[in-house]
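For reference, the structure discussed in these notes is given below.
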Amino acid sequence: MKQFLILIFLFIALSPLRINAQYGDDAILMTIDNKPVTKAEFVRIYKKNNSNENMLDKKSLNEYLDLFVNFKLKVAEAESMGLDTASSFVNELAGYRKQLAKPYLVDKKVDEELMKEAYERLKYDIKASHILIKINNVMDEDEDKAAYEKAIKLRKRILKGEAFDKLARKYSDDPSAKNNGGSLGYFTGFQMVYPFETAAFNTAVGDVSMPVKTRFGYHLIKVEDKRPAVGKVQVAHIMISLQKGSTKEEQAAAEEKINSIYKKLQAGEDFAKLAKEYSDDKGSAGKGGELPEFGTGRMVPEFEKAAFSLKKEGDISPVIKTQYGYHILKLLKKDKPDTFENMKQEIKSRISKDSRSSESRQALIAELKEEYKFSENKKNLNNFYKYVTDSILVGTWDGESAKGYNEVLFTLNGINHTADEFTNYLVKSRVKSINEDVKHFVDKQYDKWVNSSIIKYEESRLETKYPEFRYLMNEYHDGILLFELSDQIVWSKAVNDTVGLKAFYEKNKENYMWGNRVKASTYTIVADEKSSKLSSQTNEEINKKIL
C-alpha cells in the first residue's frame with residue numbers, strides 16, 4: 001500500500017517523459033527554507049505532466065506553479081521535522097537508488113547486442129553431443145594445458161573417422177556419457193552455460209568444435225542438427241508408473257490399465273477427472289494432470305516428442321512409454337517464439353540471471369578504465385604476495401602479516417587505492433578456495449576488488465554525470481518525504497485521534513454538502529411527422545419532473 005501511495009505522489013516522476021525544453025537553464029525560480037529551486041526543475045516537471053508539448057499556456061502554468069509551490073513547501077516541512085534523517089527514510093531511498101542505478105551500470109550497446117543474439121538463438125534448437133575433459137583446479141596452468149591437449153588429440157581422432165559416441169563413452173568425464181554417448185538432445189538459448197551455447201551455435205551441423213572452456217573444463221561439441229525452434233508447450237498427462245526392474249506381469253498390468261483409461265477418453269470421458277482418479281503422478285493429478293509449460297530439452301525425449309507432436313489445443317496423444325511408465329498427454333497450449341519487441345523484457349530478465357550478463361559489465365568496466373585513466377602498479381602487487389599466507393585459502397587470514405604495507409596498487413581518476421584497502425577487502429570477503437595456490441587466489445580477488453571499486457566509483461557519480469538520474473532521485477526523495485509527512489499529520493493522526501476527527505467533521509461538513517440536484521431521464525427521438533406529437537408529450541413530462 002505504501003509503495004502505491006508513493007507512486008501517486010511520484011506521478012510527476014513516473015508519467016511518460018515528454019520533454020522538449022533544454023535543461024541548461026539553472027536560473028533560480030524560488031527559494032524555500034534557504035534552498036534554491038531552479039526554473040529548469042519546474043519546467044521539466046510541467047512538461048512531463050502536460051500532453052501538449054509545444055504550448056505553454058499562462059493559466060495552466062500559474063495553476064501548476066501553485067501546486068508545485070505547495071508540494072515543495074510540504075517537502076521543506078518534512079525536512080524541518082527531520083524526516084529525511086530517519087534511518088527508515090535513508091534505507092528506503094537507498095533501496096530505490098540501487099534499483100534505479102542498474103541501467104546505468106551496464107554497457108547499453110553490448111546489452112542490446114546480447115539481447116538480439118539471444119533472440120536469434122531462441123529461434124532455433126540445436127541437437128548436439130559433447131565430450132568433457134574435466135579440470136579439478138581451474139587455476140592450475142599445467143592441468144589446464146593437459147586437459148586442452150587431451151581434447152585436441154580426441155578431436156583429431158574424431159576427424160579421422162572414429163565414432164564420437166564411442167570416444168565419449170570411454171573418455172568423457174560427464175558421467176551420463178557412459179549411457180548416452182555424450183548426447184545432449186535438443187536445446188536452445190539459455191539452456192547451456194554461455195560459452196558452451198556460443199560454441200554450439202557457431203559450429204556447423206556435422207562438425208566438431210575446437211575445445212571450448214567452461215567452468216566444468218574443456219568440451220568437444222558435435223552438432224548433429226539445427227532446426228527452427230519448436231517453442232514451448234503445456235500439456236496435462238495421465239501416468240501409470242513403472243518401477244525400475246518391474247516384472248513382465250507388472251508391465252502388462254500397467255499397460256492394460258493405461259489402455260483402459262485411453263478407451264475411456266475415446267468414449268468422451270473428461271481428461272482432468274480421469275487424471276485425478278487414476279494418475280500416479282500425484283504432483284499433477286490434483287490439477288487434472290496439468291504440468292508447467294516447458295521447452296525443448298526439459299523432458300525425456302519420448303515425452304517431449306509426443307508433446308510437440310500434438311497440433312491443436314485439446315488433442316490427446318496415443319499411449320507412450322518412458323523410463324517412468326506409461327503416459328497419455330493432452331495439449332493445453334503451444335507457443336512459438338514471439339517477436340523481438342514482445343520478448344525483449346523477458347530476454348533482458350533472463351540475461352540478468354545468466355553468466356552472459358558479465359559481458360555487458362566487463363565492457364562497461366573497460367570503458368570506465370579508459371575514461372578515468374586507470375593505471376596499476378604490478379610491482380607493488382607482486383610484493384603484496386609475500387604478506388599473504390595459506391590461511392587465506394580457508395578463510396582465516398586476518399591481514400596482520402600485511403599490516404604496514406600501504407603501497408599504491410591502482411589509481412582511478414587521480415585517486416590512489418592502496419594495499420591496506422585490498423587487505424581489508426580480503427579479510428572481509430572470507431572467500432574459501434582450497435584448490436588454488438595463494439598467488440592465483442590473490443590475483444582473482446584483486447581483479448574482483450578492482451572491478452567492484454570501479455563500479456562503486458561510477459555509481460557514486462551518477463547524479464553528477466546524468467541529470468535525468470539526479471532529477472529522478474530528487475523526485476523519489478521528495479515523494480517519500482511527502483508520504484511520511486502525510487502519514488504523520490493526516491492518516492495516522494486520523495486513526496488515533498477519533499475525537500479530533502469527529503470535531504473536524506462537524507466543523508466542515510457543510511462545505512461538502514451537495515447542492516440542489518435533479519433525477520431525470522433523457523430521451524433522444526428522431527424528428528419526423530409521426531414522432532412530433534410524442535416528442536412534444538415527452539418534453540412536457542420531463543418539464544413536469546424537473547419542476
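Quick note on naming: the chains in the C-alpha cells go A, B, ... in the order shown, residues restart at 1 in each chain, and ligands are numbered from 1 in order of appearance.
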
Every residue of stretch 316-409 of chain A that DSSP places in helix (DSSP H, G or I), as an NGL selection string: :A and (340-352 or 357-371 or 378-387 or 390-394 or 400-402)

Contacts of A:Pro292 within 10 Å, only C-alpha atoms, excl. fewer than 6 positions in-chain, as a ChimeraX atom specification: /A:233-236,284

Strand (DSSP E or B) residues, from DSSP on the backbone, in stretch 253-414 of chain A, as a count of residues only: 25

What are the nearest atom pairs, with distances in Å to one decimal, for all residues of stretch 439-489 of chain A that come at most 8 Å from stretch 81-91 of chain A, using only C-alpha atoms, set out by chain and rising residue number as a tab-separated table?
```
residue	atom	partner	partner_atom	distance
A:Ile480	CA	A:Phe89	CA	7.5
A:Leu481	CA	A:Asp84	CA	6.8
A:Glu484	CA	A:Leu83	CA	7.4
A:Leu485	CA	A:Leu83	CA	7.8
```

Per residue of stretch 393-468 of chain A within 7 Å of stretch 357-373 of chain A, note the shortest atom pair and the distance in Å to one decimal, counting only C-alpha atoms, and order the rows by chain and increasing residue number, as a Markdown table.
```
| residue | atom | partner | partner_atom | distance |
| --- | --- | --- | --- | --- |
| A:Leu412 | CA | A:Tyr372 | CA | 5.7 |
| A:Asn413 | CA | A:Tyr372 | CA | 4.5 |
| A:Asn451 | CA | A:Ile365 | CA | 6.8 |
| A:Ile454 | CA | A:Ile365 | CA | 6.9 |
```

Separation of atom CA of A:Asp66 from atom CA of A:Phe42 in Å: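 Separation of atom CA of A:Phe42 and atom CA of A:Asp66: 11.2 Å.
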
Near-A:Asn380 list (10 Å; only C-alpha atoms; drop same-chain fewer than 4 positions) as JSON, numbers by chain: {"A": [376, 384, 385, 405, 406, 407, 408, 409, 410, 418, 419]}

Atoms kept (C-alpha atoms) for selection, written as an mmCIF file, in the first residue's frame:
```
data_model
loop_
_atom_site.group_PDB
_atom_site.id
_atom_site.type_symbol
_atom_site.label_atom_id
_atom_site.label_comp_id
_atom_site.auth_asym_id
_atom_site.auth_seq_id
_atom_site.Cartn_x
_atom_site.Cartn_y
_atom_site.Cartn_z
ATOM 1 C CA GLU A 376 48.054 -0.031 -11.755
ATOM 2 C CA PHE A 384 51.990 -7.987 -1.665
ATOM 3 C CA TYR A 385 52.013 -11.781 -2.238
ATOM 4 C CA TYR A 405 52.293 -2.402 3.728
ATOM 5 C CA ASN A 406 50.394 0.515 2.221
ATOM 6 C CA GLU A 407 51.745 0.939 -1.287
ATOM 7 C CA VAL A 408 49.540 2.118 -4.176
ATOM 8 C CA LEU A 409 48.115 -0.780 -6.203
ATOM 9 C CA PHE A 410 45.988 1.178 -8.687
ATOM 10 C CA THR A 418 46.334 1.093 -1.612
ATOM 11 C CA ALA A 419 47.368 -2.312 -0.326
#
```

Long-range neighbours of stretch 128-138 of chain A as a list of chain:residue names, 7 Å cut-off, only C-alpha atoms, 5 positions minimum in chain: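 The filter keeps A:Glu143, A:Asp144, A:Ala147, A:Ala151, A:Ala168, A:Ser172, A:Asp173, A:Asp174, A:Gly182, A:Ser183, A:Leu184, A:Gly185, A:Tyr186, A:Phe216, A:Gly217, A:Tyr218, A:His219, A:Leu220, A:Ile221, A:Lys222, A:Val223, A:Glu224, A:Asn435, A:Glu436.
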
Selection export as a compact mmCIF listing (two decimals), in the first residue's frame, atoms kept: N, CA, C and O atoms:
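Once written, out18.txt looks like this:
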```
# COMPACT_ATOMS: atom_id res chain seq x y z
N GLU A 143 47.49 -28.34 -15.36
CA GLU A 143 46.29 -29.17 -15.53
C GLU A 143 45.44 -28.65 -16.68
O GLU A 143 44.88 -29.43 -17.47
N ASP A 144 45.33 -27.33 -16.79
CA ASP A 144 44.57 -26.70 -17.88
C ASP A 144 45.16 -27.10 -19.23
O ASP A 144 44.45 -27.50 -20.15
N ALA A 147 44.53 -30.81 -20.05
CA ALA A 147 43.15 -31.06 -20.46
C ALA A 147 42.90 -30.59 -21.88
O ALA A 147 42.24 -31.28 -22.67
N ALA A 151 41.91 -32.93 -25.18
CA ALA A 151 40.75 -32.65 -26.03
C ALA A 151 41.15 -32.53 -27.50
O ALA A 151 40.45 -33.03 -28.39
N ALA A 168 33.25 -40.78 -26.48
CA ALA A 168 32.60 -40.13 -25.35
C ALA A 168 32.40 -41.12 -24.20
O ALA A 168 32.65 -40.80 -23.03
N SER A 172 34.96 -39.32 -21.83
CA SER A 172 34.28 -38.14 -21.27
C SER A 172 34.15 -38.23 -19.76
O SER A 172 33.86 -39.30 -19.20
N ASP A 173 34.36 -37.11 -19.09
CA ASP A 173 34.20 -37.03 -17.64
C ASP A 173 32.77 -36.67 -17.24
O ASP A 173 32.50 -36.50 -16.04
N ASP A 174 31.88 -36.57 -18.21
CA ASP A 174 30.46 -36.41 -17.91
C ASP A 174 29.91 -37.82 -17.63
O ASP A 174 29.89 -38.67 -18.52
N GLY A 182 27.37 -39.23 -24.78
CA GLY A 182 27.58 -37.77 -24.81
C GLY A 182 26.42 -36.99 -25.38
O GLY A 182 26.50 -35.76 -25.47
N SER A 183 25.33 -37.67 -25.74
CA SER A 183 24.20 -36.97 -26.37
C SER A 183 23.51 -36.04 -25.38
O SER A 183 23.22 -36.42 -24.25
N LEU A 184 23.24 -34.81 -25.83
CA LEU A 184 22.54 -33.81 -25.03
C LEU A 184 21.12 -33.57 -25.54
O LEU A 184 20.38 -32.79 -24.95
N GLY A 185 20.77 -34.21 -26.65
CA GLY A 185 19.46 -33.97 -27.25
C GLY A 185 19.39 -32.56 -27.81
O GLY A 185 20.41 -31.94 -28.14
N TYR A 186 18.18 -32.03 -27.93
CA TYR A 186 17.97 -30.68 -28.44
C TYR A 186 18.00 -29.66 -27.30
O TYR A 186 17.53 -29.93 -26.19
N PHE A 216 33.40 -26.08 -16.07
CA PHE A 216 33.50 -27.52 -15.82
C PHE A 216 34.77 -28.12 -16.40
O PHE A 216 35.20 -29.19 -15.99
N GLY A 217 35.33 -27.47 -17.40
CA GLY A 217 36.51 -28.00 -18.07
C GLY A 217 36.45 -27.69 -19.56
O GLY A 217 35.83 -26.70 -19.98
N TYR A 218 37.08 -28.56 -20.37
CA TYR A 218 37.06 -28.39 -21.83
C TYR A 218 36.05 -29.35 -22.45
O TYR A 218 35.95 -30.51 -22.06
N HIS A 219 35.33 -28.83 -23.45
CA HIS A 219 34.33 -29.63 -24.16
C HIS A 219 34.66 -29.71 -25.64
O HIS A 219 35.09 -28.72 -26.26
N LEU A 220 34.41 -30.88 -26.21
CA LEU A 220 34.31 -31.02 -27.67
C LEU A 220 32.83 -31.17 -27.97
O LEU A 220 32.14 -31.99 -27.34
N ILE A 221 32.32 -30.40 -28.91
CA ILE A 221 30.89 -30.40 -29.21
C ILE A 221 30.67 -30.82 -30.65
O ILE A 221 31.23 -30.22 -31.58
N LYS A 222 29.88 -31.86 -30.84
CA LYS A 222 29.49 -32.28 -32.19
C LYS A 222 28.04 -31.86 -32.41
O LYS A 222 27.13 -32.29 -31.69
N VAL A 223 27.82 -31.01 -33.40
CA VAL A 223 26.46 -30.54 -33.71
C VAL A 223 25.85 -31.49 -34.73
O VAL A 223 26.39 -31.69 -35.81
N GLU A 224 24.72 -32.08 -34.37
CA GLU A 224 24.08 -33.10 -35.20
C GLU A 224 22.89 -32.58 -36.00
O GLU A 224 22.54 -33.13 -37.04
N ASN A 435 41.43 -25.38 -3.55
CA ASN A 435 42.05 -25.99 -4.73
C ASN A 435 42.94 -25.03 -5.51
O ASN A 435 43.33 -25.33 -6.63
N GLU A 436 43.25 -23.87 -4.97
CA GLU A 436 44.10 -22.90 -5.66
C GLU A 436 45.36 -22.64 -4.86
O GLU A 436 45.39 -22.84 -3.64
```

Contact residues around stretch 189-191 of chain A with only C-alpha atoms at 7 Å, ignoring same-chain residues under 2 positions, as a PyMOL selection string: chain A and resi 118+121-122+187+193+197
